[in-house]
$ cat target25.cif   # mmCIF, C-alpha atoms (C1' of nucleotides)
data_final
#
loop_
_atom_site.label_atom_id
_atom_site.label_comp_id
_atom_site.auth_asym_id
_atom_site.auth_seq_id
_atom_site.Cartn_x
_atom_site.Cartn_y
_atom_site.Cartn_z
CA MET E 4 -66.33 -69.47 -36.10
CA LYS E 5 -63.19 -71.01 -37.46
CA LYS E 6 -60.66 -70.77 -34.70
CA LEU E 7 -61.74 -73.24 -32.03
CA GLU E 8 -58.42 -73.69 -30.33
CA ASN E 9 -57.74 -71.98 -27.08
CA GLU E 10 -54.40 -72.39 -25.41
CA GLY E 11 -53.95 -75.97 -26.47
CA ARG E 12 -57.41 -77.22 -25.81
CA ILE E 13 -60.57 -77.30 -27.81
CA THR E 14 -63.39 -75.19 -26.45
CA VAL E 15 -66.68 -76.88 -27.12
CA ALA E 16 -70.04 -75.21 -26.90
CA LYS E 17 -71.12 -77.60 -24.16
CA GLU E 18 -68.39 -76.37 -21.82
CA LEU E 19 -69.23 -72.75 -22.47
CA LYS E 20 -72.89 -73.43 -21.81
CA ASP E 21 -71.97 -74.93 -18.46
CA ILE E 22 -69.96 -71.87 -17.54
CA LEU E 23 -72.97 -69.65 -18.22
CA ILE E 24 -75.30 -71.89 -16.22
CA LYS E 25 -72.84 -72.07 -13.33
CA LYS E 26 -72.83 -68.26 -13.20
CA GLY E 27 -76.63 -68.07 -13.24
CA ILE E 28 -76.93 -66.86 -16.83
CA SER E 29 -79.57 -68.69 -18.88
CA PRO E 30 -77.71 -69.91 -21.94
CA SER E 31 -79.86 -68.52 -24.74
CA TYR E 32 -78.64 -69.07 -28.28
CA HIS E 33 -77.57 -65.42 -28.62
CA ARG E 34 -75.70 -65.37 -25.33
CA LEU E 35 -73.98 -68.64 -26.10
CA LYS E 36 -72.81 -67.41 -29.50
CA ILE E 37 -71.56 -64.13 -28.08
CA TYR E 38 -69.66 -65.91 -25.32
CA GLU E 39 -68.31 -68.47 -27.78
CA TYR E 40 -67.14 -65.64 -30.00
CA LEU E 41 -65.31 -63.94 -27.14
CA MET E 42 -63.72 -67.20 -26.02
CA ASN E 43 -62.52 -68.13 -29.49
CA ASN E 44 -61.50 -64.68 -30.74
CA ARG E 45 -59.05 -63.19 -28.30
CA ILE E 46 -58.87 -59.88 -30.10
CA HIS E 47 -60.47 -57.71 -27.40
CA PRO E 48 -63.34 -56.74 -29.68
CA SER E 49 -65.69 -53.79 -29.27
CA ALA E 50 -69.46 -54.27 -29.14
CA ASP E 51 -69.58 -53.26 -32.78
CA MET E 52 -66.94 -55.78 -33.83
CA ILE E 53 -68.82 -58.56 -32.06
CA TYR E 54 -72.05 -57.45 -33.71
CA ALA E 55 -70.50 -57.27 -37.17
CA ASP E 56 -69.23 -60.85 -36.91
CA ILE E 57 -72.15 -62.56 -35.20
CA ILE E 58 -74.80 -61.02 -37.43
CA LYS E 59 -73.40 -63.24 -40.19
CA LEU E 60 -74.58 -66.16 -38.09
CA ILE E 61 -77.75 -64.60 -36.64
CA PRO E 62 -79.19 -62.18 -39.23
CA THR E 63 -81.89 -60.86 -36.89
CA LEU E 64 -79.36 -59.90 -34.21
CA SER E 65 -79.59 -56.41 -32.77
CA LYS E 66 -76.94 -54.30 -31.13
CA THR E 67 -79.16 -53.92 -28.10
CA THR E 68 -78.77 -57.64 -27.49
CA ILE E 69 -75.02 -57.32 -27.78
CA TYR E 70 -75.00 -54.52 -25.21
CA ASN E 71 -77.46 -56.32 -22.91
CA THR E 72 -75.46 -59.51 -23.08
CA LEU E 73 -72.09 -57.87 -22.51
CA LYS E 74 -73.47 -56.01 -19.52
CA THR E 75 -74.73 -59.30 -18.12
CA PHE E 76 -71.39 -61.04 -18.73
CA VAL E 77 -69.37 -58.26 -17.14
CA GLY E 78 -71.78 -58.05 -14.21
CA LYS E 79 -71.51 -61.80 -13.60
CA GLY E 80 -67.75 -61.64 -13.92
CA ILE E 81 -67.15 -63.95 -16.87
CA VAL E 82 -65.97 -61.15 -19.17
CA SER E 83 -64.00 -58.02 -18.36
CA SER E 84 -64.26 -54.66 -20.06
CA LEU E 85 -61.23 -52.68 -21.13
CA THR E 86 -61.11 -48.91 -21.40
CA ILE E 87 -57.82 -48.83 -23.27
CA GLU E 88 -59.45 -46.89 -26.12
CA ASP E 89 -60.89 -43.46 -25.51
CA ASN E 90 -63.99 -43.86 -27.63
CA GLU E 91 -65.16 -47.42 -27.20
CA ILE E 92 -65.17 -50.27 -24.71
CA ARG E 93 -63.31 -53.46 -25.58
CA TYR E 94 -64.25 -56.84 -24.10
CA ASP E 95 -62.07 -59.73 -22.98
CA ALA E 96 -63.16 -63.27 -22.06
CA ASP E 97 -59.81 -63.80 -20.36
CA ILE E 98 -60.49 -62.73 -16.78
CA THR E 99 -57.09 -63.70 -15.38
CA PHE E 100 -54.87 -60.75 -14.47
CA HIS E 101 -52.79 -59.62 -17.40
CA ALA E 102 -51.75 -56.37 -19.06
CA HIS E 103 -52.69 -55.02 -22.47
CA PHE E 104 -50.64 -53.30 -25.13
CA LYS E 105 -52.34 -51.17 -27.76
CA CYS E 106 -50.53 -50.27 -30.95
CA LEU E 107 -51.13 -46.61 -31.75
CA ASN E 108 -50.43 -47.36 -35.41
CA CYS E 109 -52.57 -50.41 -36.23
CA ASN E 110 -54.83 -50.26 -33.14
CA THR E 111 -54.30 -53.93 -32.33
CA VAL E 112 -54.64 -54.74 -28.63
CA TYR E 113 -52.19 -57.42 -27.52
CA ASP E 114 -52.12 -59.42 -24.30
CA VAL E 115 -49.04 -59.05 -22.11
CA GLY E 116 -48.35 -61.49 -19.28
CA ILE E 117 -47.75 -59.89 -15.87
CA ASP E 118 -44.80 -62.21 -15.30
CA GLN E 119 -43.12 -60.46 -18.23
CA LEU E 120 -43.76 -57.14 -16.55
CA ARG E 121 -42.27 -58.32 -13.27
CA SER E 122 -39.12 -59.69 -14.85
CA ASP E 123 -38.19 -56.09 -15.36
CA LYS E 124 -37.79 -54.56 -11.91
CA LYS E 125 -39.19 -51.14 -12.63
CA LEU E 126 -42.32 -50.74 -14.68
CA GLY E 127 -41.53 -47.06 -14.82
CA MET E 128 -38.32 -47.78 -16.71
CA LEU E 129 -39.80 -50.29 -19.13
CA LYS E 130 -39.30 -49.22 -22.75
CA LYS E 131 -40.13 -52.36 -24.66
CA ILE E 132 -42.12 -55.54 -24.13
CA ASP E 133 -42.54 -58.55 -26.44
CA GLY E 134 -40.78 -56.43 -29.06
CA HIS E 135 -43.41 -53.69 -28.75
CA LEU E 136 -42.11 -50.15 -28.23
CA ILE E 137 -43.78 -48.53 -25.23
CA THR E 138 -44.57 -44.81 -25.24
CA GLU E 139 -47.39 -44.71 -22.71
CA LYS E 140 -48.14 -46.59 -19.50
CA HIS E 141 -51.33 -46.52 -17.47
CA ILE E 142 -52.17 -48.35 -14.27
CA TYR E 143 -55.80 -48.11 -13.24
CA LEU E 144 -57.01 -49.58 -9.98
CA LYS E 145 -60.66 -49.60 -8.99
CA GLY E 146 -62.56 -50.46 -5.85
CA ILE E 147 -63.82 -48.74 -2.71
CA CYS E 148 -61.78 -45.86 -1.36
CA LYS E 149 -60.75 -45.37 2.24
CA LYS E 150 -63.44 -42.75 2.88
CA CYS E 151 -66.27 -44.79 1.42
CA GLN E 152 -65.31 -47.84 3.49
CA GLN E 153 -65.86 -45.84 6.68
CA HIS E 154 -69.31 -44.68 5.51
CA MET O 8 -59.06 -20.57 -8.15
CA LYS O 9 -58.39 -20.89 -4.47
CA LYS O 10 -55.88 -23.70 -4.13
CA LEU O 11 -52.59 -22.37 -5.42
CA GLU O 12 -50.29 -24.74 -3.62
CA ASN O 13 -48.71 -27.60 -5.46
CA GLU O 14 -46.44 -29.98 -3.62
CA GLY O 15 -45.02 -27.35 -1.34
CA ARG O 16 -44.48 -24.61 -3.85
CA ILE O 17 -46.61 -21.86 -5.21
CA THR O 18 -47.47 -22.14 -8.89
CA VAL O 19 -47.64 -18.71 -10.42
CA ALA O 20 -49.22 -17.89 -13.73
CA LYS O 21 -45.89 -16.68 -15.07
CA GLU O 22 -44.30 -20.11 -14.70
CA LEU O 23 -47.23 -21.81 -16.38
CA LYS O 24 -47.07 -19.35 -19.25
CA ASP O 25 -43.40 -20.19 -19.72
CA ILE O 26 -44.19 -23.91 -19.84
CA LEU O 27 -46.71 -23.31 -22.62
CA ILE O 28 -44.29 -21.15 -24.59
CA LYS O 29 -41.48 -23.66 -24.16
CA LYS O 30 -43.74 -26.31 -25.66
CA GLY O 31 -44.68 -24.15 -28.62
CA ILE O 32 -48.19 -23.37 -27.42
CA SER O 33 -49.16 -19.69 -27.67
CA PRO O 34 -50.34 -18.78 -24.19
CA SER O 35 -53.74 -17.31 -24.91
CA TYR O 36 -55.84 -16.30 -21.94
CA HIS O 37 -58.13 -19.31 -22.34
CA ARG O 38 -55.29 -21.79 -22.62
CA LEU O 39 -53.50 -20.29 -19.67
CA LYS O 40 -56.59 -20.49 -17.49
CA ILE O 41 -57.28 -24.09 -18.51
CA TYR O 42 -53.70 -25.11 -17.83
CA GLU O 43 -53.70 -23.21 -14.56
CA TYR O 44 -56.89 -24.99 -13.57
CA LEU O 45 -55.38 -28.40 -14.31
CA MET O 46 -52.18 -27.59 -12.45
CA ASN O 47 -53.98 -26.30 -9.37
CA ASN O 48 -56.85 -28.79 -9.22
CA ARG O 49 -55.41 -32.27 -9.20
CA ILE O 50 -58.79 -33.96 -9.38
CA HIS O 51 -58.43 -35.54 -12.84
CA PRO O 52 -61.36 -33.54 -14.22
CA SER O 53 -63.36 -34.30 -17.35
CA ALA O 54 -63.76 -31.73 -20.11
CA ASP O 55 -67.16 -30.93 -18.67
CA MET O 56 -65.85 -30.37 -15.14
CA ILE O 57 -63.17 -28.02 -16.47
CA TYR O 58 -65.79 -26.17 -18.49
CA ALA O 59 -68.19 -25.88 -15.56
CA ASP O 60 -65.51 -24.30 -13.39
CA ILE O 61 -63.77 -22.01 -15.84
CA ILE O 62 -66.96 -20.57 -17.30
CA LYS O 63 -67.37 -18.80 -13.94
CA LEU O 64 -64.22 -16.91 -14.83
CA ILE O 65 -64.76 -16.60 -18.60
CA PRO O 66 -68.51 -16.36 -19.24
CA THR O 67 -68.11 -16.54 -23.03
CA LEU O 68 -66.15 -19.80 -22.86
CA SER O 69 -67.28 -22.61 -25.12
CA LYS O 70 -66.80 -26.33 -24.75
CA THR O 71 -65.21 -26.44 -28.18
CA THR O 72 -62.37 -24.36 -26.80
CA ILE O 73 -62.01 -26.76 -23.89
CA TYR O 74 -61.77 -29.70 -26.29
CA ASN O 75 -59.44 -27.88 -28.69
CA THR O 76 -57.17 -26.84 -25.86
CA LEU O 77 -57.07 -30.25 -24.21
CA LYS O 78 -56.23 -31.86 -27.53
CA THR O 79 -53.39 -29.38 -27.98
CA PHE O 80 -52.09 -29.97 -24.44
CA VAL O 81 -52.19 -33.75 -24.78
CA GLY O 82 -50.59 -33.57 -28.23
CA LYS O 83 -47.76 -31.40 -26.92
CA GLY O 84 -47.30 -33.68 -23.94
CA ILE O 85 -47.98 -31.30 -21.05
CA VAL O 86 -51.21 -33.04 -20.03
CA SER O 87 -52.11 -36.71 -20.12
CA SER O 88 -55.53 -38.19 -20.73
CA LEU O 89 -56.92 -40.97 -18.60
CA THR O 90 -59.42 -43.56 -19.80
CA ILE O 91 -60.21 -44.86 -16.34
CA GLU O 92 -63.90 -44.09 -16.88
CA ASP O 93 -65.87 -45.81 -19.61
CA ASN O 94 -67.86 -42.80 -20.74
CA GLU O 95 -65.59 -39.81 -20.45
CA ILE O 96 -61.96 -38.83 -20.66
CA ARG O 97 -60.25 -37.43 -17.58
CA TYR O 98 -57.25 -35.11 -17.76
CA ASP O 99 -54.16 -34.89 -15.60
CA ALA O 100 -51.51 -32.16 -15.57
CA ASP O 101 -49.17 -34.50 -13.68
CA ILE O 102 -47.28 -36.22 -16.46
CA THR O 103 -44.90 -38.16 -14.22
CA PHE O 104 -45.54 -41.91 -14.12
CA HIS O 105 -48.04 -42.81 -11.42
CA ALA O 106 -51.07 -45.04 -11.01
CA HIS O 107 -54.70 -44.06 -10.47
CA PHE O 108 -57.34 -45.47 -8.20
CA LYS O 109 -61.00 -44.86 -8.95
CA CYS O 110 -63.61 -45.37 -6.24
CA LEU O 111 -66.59 -47.21 -7.68
CA ASN O 112 -68.76 -45.68 -4.97
CA CYS O 113 -67.94 -41.96 -5.00
CA ASN O 114 -66.18 -41.88 -8.39
CA THR O 115 -63.19 -39.99 -7.01
CA VAL O 116 -59.96 -40.67 -8.88
CA TYR O 117 -56.95 -40.76 -6.55
CA ASP O 118 -53.27 -40.68 -7.41
CA VAL O 119 -51.17 -43.65 -6.33
CA GLY O 120 -47.38 -43.47 -6.33
CA ILE O 121 -45.67 -46.28 -8.27
CA ASP O 122 -43.18 -46.71 -5.43
CA GLN O 123 -46.13 -47.81 -3.31
CA LEU O 124 -47.02 -50.37 -5.93
CA ARG O 125 -43.49 -51.75 -6.07
CA SER O 126 -43.16 -52.09 -2.31
CA ASP O 127 -45.58 -54.95 -2.70
CA LYS O 128 -43.82 -57.57 -4.81
CA LYS O 129 -46.75 -58.80 -6.80
CA LEU O 130 -49.23 -56.36 -8.28
CA GLY O 131 -51.43 -59.33 -9.02
CA MET O 132 -51.75 -60.08 -5.32
CA LEU O 133 -52.35 -56.50 -4.22
CA LYS O 134 -55.66 -56.13 -2.36
CA LYS O 135 -55.33 -52.73 -0.77
CA ILE O 136 -53.41 -49.52 -1.34
CA ASP O 137 -53.42 -46.28 0.68
CA GLY O 138 -56.32 -47.82 2.57
CA HIS O 139 -58.35 -48.21 -0.65
CA LEU O 140 -59.84 -51.65 -1.28
CA ILE O 141 -58.90 -52.91 -4.75
CA THR O 142 -61.37 -54.99 -6.76
CA GLU O 143 -60.09 -54.31 -10.28
CA LYS O 144 -56.65 -53.79 -11.78
CA HIS O 145 -55.81 -52.68 -15.30
CA ILE O 146 -52.43 -52.16 -16.90
CA TYR O 147 -52.56 -50.49 -20.29
CA LEU O 148 -49.44 -49.98 -22.35
CA LYS O 149 -49.42 -48.10 -25.64
CA GLY O 150 -46.90 -47.56 -28.39
CA ILE O 151 -45.82 -49.15 -31.64
CA CYS O 152 -46.12 -52.92 -31.92
CA LYS O 153 -43.45 -55.27 -33.21
CA LYS O 154 -45.13 -55.67 -36.60
CA CYS O 155 -45.60 -51.95 -37.19
CA GLN O 156 -41.94 -51.24 -36.34
CA GLN O 157 -40.83 -53.50 -39.19
CA HIS O 158 -43.15 -51.76 -41.68
"C1'" DG C 12 -53.91 -7.68 -42.84
"C1'" DT C 13 -53.18 -12.22 -42.33
"C1'" DA C 14 -52.88 -16.08 -39.37
"C1'" DT C 15 -54.57 -17.92 -35.27
"C1'" DC C 16 -58.02 -18.58 -31.87
"C1'" DT C 17 -62.69 -18.95 -30.41
"C1'" DG C 18 -67.52 -20.36 -30.43
"C1'" DC C 19 -71.94 -21.65 -32.31
"C1'" DA C 20 -74.62 -25.15 -34.33
"C1'" DA C 21 -74.84 -29.43 -36.25
"C1'" DA C 22 -72.99 -33.96 -36.82
"C1'" DA C 23 -70.99 -38.18 -35.40
"C1'" DC C 24 -70.53 -41.90 -32.53
"C1'" DA C 25 -71.03 -45.32 -28.75
"C1'" DT C 26 -74.15 -46.60 -25.40
"C1'" DT C 27 -78.67 -46.61 -22.89
"C1'" DT C 28 -83.57 -46.71 -22.32
"C1'" DG C 29 -88.63 -47.51 -23.07
"C1'" DC C 30 -91.53 -50.41 -24.75
"C1'" DA C 31 -93.54 -53.73 -27.89
"C1'" DA C 32 -92.93 -58.16 -30.05
"C1'" DT C 33 -91.20 -62.61 -29.72
"C1'" DT C 34 -89.72 -66.77 -27.69
"C1'" DC C 35 -89.35 -70.37 -24.17
"C1'" DT C 36 -91.17 -73.38 -20.76
"C1'" DA W 12 -100.29 -67.99 -19.72
"C1'" DG W 13 -96.31 -65.91 -17.65
"C1'" DA W 14 -91.61 -64.71 -17.41
"C1'" DA W 15 -87.56 -63.85 -19.72
"C1'" DT W 16 -85.34 -62.46 -23.95
"C1'" DT W 17 -84.90 -59.85 -27.97
"C1'" DG W 18 -85.15 -55.79 -31.04
"C1'" DC W 19 -86.66 -51.46 -32.85
"C1'" DA W 20 -86.62 -46.62 -32.41
"C1'" DA W 21 -85.66 -42.78 -29.86
"C1'" DA W 22 -82.90 -40.60 -26.41
"C1'" DT W 23 -78.57 -39.52 -24.10
"C1'" DG W 24 -74.04 -37.86 -23.52
"C1'" DT W 25 -69.43 -37.08 -25.03
"C1'" DT W 26 -66.54 -35.60 -28.50
"C1'" DT W 27 -65.77 -33.89 -33.28
"C1'" DT W 28 -66.35 -30.99 -37.28
"C1'" DG W 29 -67.46 -27.03 -40.42
"C1'" DC W 30 -67.51 -22.63 -40.67
"C1'" DA W 31 -68.05 -17.83 -39.42
"C1'" DG W 32 -66.73 -14.19 -36.44
"C1'" DA W 33 -63.38 -12.28 -33.28
"C1'" DT W 34 -58.80 -11.48 -31.77
"C1'" DA W 35 -53.87 -10.96 -31.89
"C1'" DC W 36 -49.35 -9.65 -33.78
#
$ encode --input "target25.cif" --output "structure tokens"
Amino acid sequence: MKKLENEGRITVAKELKDILIKKGISPSYHRLKIYEYLMNNRIHPSADMIYADIIKLIPTLSKTTIYNTLKTFVGKGIVSSLTIEDNEIRYDADITFHAHFKCLNCNTVYDVGIDQLRSDKKLGMLKKIDGHLITEKHIYLKGICKKCQQH
Amino acid sequence: MKKLENEGRITVAKELKDILIKKGISPSYHRLKIYEYLMNNRIHPSADMIYADIIKLIPTLSKTTIYNTLKTFVGKGIVSSLTIEDNEIRYDADITFHAHFKCLNCNTVYDVGIDQLRSDKKLGMLKKIDGHLITEKHIYLKGICKKCQQH
DNA sequence: GTATCTGCAAAACATTTGCAATTCT
DNA sequence: AGAATTGCAAATGTTTTGCAGATAC
């Protein structure tokens, strides 16, 4: 829990607690710490990464609680889940629309602003972004299809 | 093995065999049938869906062969893998750049042309496409990051 | 006849579920 | 006390691995 800065401002536990309450999530100690971790560590961690770090703080923590909590957060819309990996789900407390870049060598997942994507006219032609060499591009949209809307 | 049409032309086994050979993949019967299945059934199937359908044709087929073959195909670049689901990998024989839409109700994965995406200026603002209602958007880029390029 | 391909069975994981124990009010 | 939260242990489901048998050239 070292890095408390977040885009120029300090994120204090009180503010995070209020976000949870506003979304109808009772701010238990575990939930607060998990949310705080996600807000302060923008590394798109997996459930296991979150567990490995927070257990240092809460020795009795179980992975079930991590999974329960993440499901609650995603369901309430304060955290989004990324399926950029093929074997595990990554989580992101930044719910604004942005793209992600995964390095196939070091497995780091970087944030990429959409404005940077639009500056280049054709996403299909894009070969590099933020200095990262692109070899694969995926656009996944989700929602309710035409058929299902008609019943 | 009913639908043999593919964008106006007939895909014959001979052509598919030649694609495999050209890519350095020995065209065994199993591989040919799996590739043929993917080319003729553009439904973005999972390994299990492919297995369930092809075992009707090859009763001795094993899932290991499905996984081995798909790994070979993806490695050689004639099939791409989609991580649009959070619990299984979907496969697509269409390796041209296009987006995918997954219905959260019926789980169908539709193709979406990128030209359709670009006609709308801002992907971030997009609410509907091909009549499908969009509630989630993900852009995943992969490759080698800036740091890893420098060694 | 040697290399490749296939398939069984078991293992390896991430995630989920059932239920009991704990905590909070 | 009663409801919500947590956690253990077992189950689930997908994908991987080791190895033996089958097949192909």
$ interface_residues --input "target25.cif" --of "chain O" --to "chain E" --cutoff "6 Å" --atoms "only C-alpha atoms" --output "PyMOL selection string"
chain O and resi 90+93+106-111+138-153
$ write_last_selection --input "target25.cif" --atoms "C-alpha atoms" --output "tab-separated table (two decimals), keeping the file's coordinate frame"
chain	number	residue	atom	x	y	z
O	90	THR	CA	-59.42	-43.56	-19.80
O	93	ASP	CA	-65.87	-45.81	-19.61
O	106	ALA	CA	-51.07	-45.04	-11.01
O	107	HIS	CA	-54.70	-44.06	-10.47
O	108	PHE	CA	-57.34	-45.47	-8.20
O	109	LYS	CA	-61.00	-44.86	-8.95
O	110	CYS	CA	-63.61	-45.37	-6.24
O	111	LEU	CA	-66.59	-47.21	-7.68
O	138	GLY	CA	-56.32	-47.82	2.57
O	139	HIS	CA	-58.35	-48.21	-0.65
O	140	LEU	CA	-59.84	-51.65	-1.28
O	141	ILE	CA	-58.90	-52.91	-4.75
O	142	THR	CA	-61.37	-54.99	-6.76
O	143	GLU	CA	-60.09	-54.31	-10.28
O	144	LYS	CA	-56.65	-53.79	-11.78
O	145	HIS	CA	-55.81	-52.68	-15.30
O	146	ILE	CA	-52.43	-52.16	-16.90
O	147	TYR	CA	-52.56	-50.49	-20.29
O	148	LEU	CA	-49.44	-49.98	-22.35
O	149	LYS	CA	-49.42	-48.10	-25.64
O	150	GLY	CA	-46.90	-47.56	-28.39
O	151	ILE	CA	-45.82	-49.15	-31.64
O	152	CYS	CA	-46.12	-52.92	-31.92
O	153	LYS	CA	-43.45	-55.27	-33.21
$ residues_near_point --input "target25.cif" --point "(-48.6, -20.7, -18.0)" --cutoff "9 Å" --atoms "all atoms listed in the file" --output "ChimeraX atom specification"
/O:19-28,34,38-40,42-43
$ resolve_selection --input "target25.cif" --expression "the PyMOL selection byres ((chain E) within 8 of (chain W))" --output "list in words"
Leu64, Ser65, Thr67 and Thr68 of chain E
$ closest_atom_pairs --input "target25.cif" --of "chain C" --to "chain E" --cutoff "12 Å" --atoms "all atoms listed in the file" --output "JSON lines"
{"residue": "C:DA23", "atom": "C1'", "partner": "E:Asn90", "partner_atom": "CA", "distance": 11.9}
{"residue": "C:DC24", "atom": "C1'", "partner": "E:Asn90", "partner_atom": "CA", "distance": 8.4}
{"residue": "C:DA25", "atom": "C1'", "partner": "E:Glu91", "partner_atom": "CA", "distance": 6.4}
{"residue": "C:DT26", "atom": "C1'", "partner": "E:Tyr70", "partner_atom": "CA", "distance": 8.0}
{"residue": "C:DT27", "atom": "C1'", "partner": "E:Thr67", "partner_atom": "CA", "distance": 9.0}
{"residue": "C:DT28", "atom": "C1'", "partner": "E:Thr67", "partner_atom": "CA", "distance": 10.2}
{"residue": "C:DT33", "atom": "C1'", "partner": "E:Thr63", "partner_atom": "CA", "distance": 11.9}
{"residue": "C:DT34", "atom": "C1'", "partner": "E:Ser31", "partner_atom": "CA", "distance": 10.4}
{"residue": "C:DC35", "atom": "C1'", "partner": "E:Ser31", "partner_atom": "CA", "distance": 9.7}
$ atom_distance --input "target25.cif" --atom1 "CA of Asn48 (chain O)" --atom2 "C1' of DC16 (chain C)"
24.9 Å
$ atom_distance --input "target25.cif" --atom1 "CA of Ile81 (chain E)" --atom2 "CA of Ile61 (chain E)"
22.4 Å
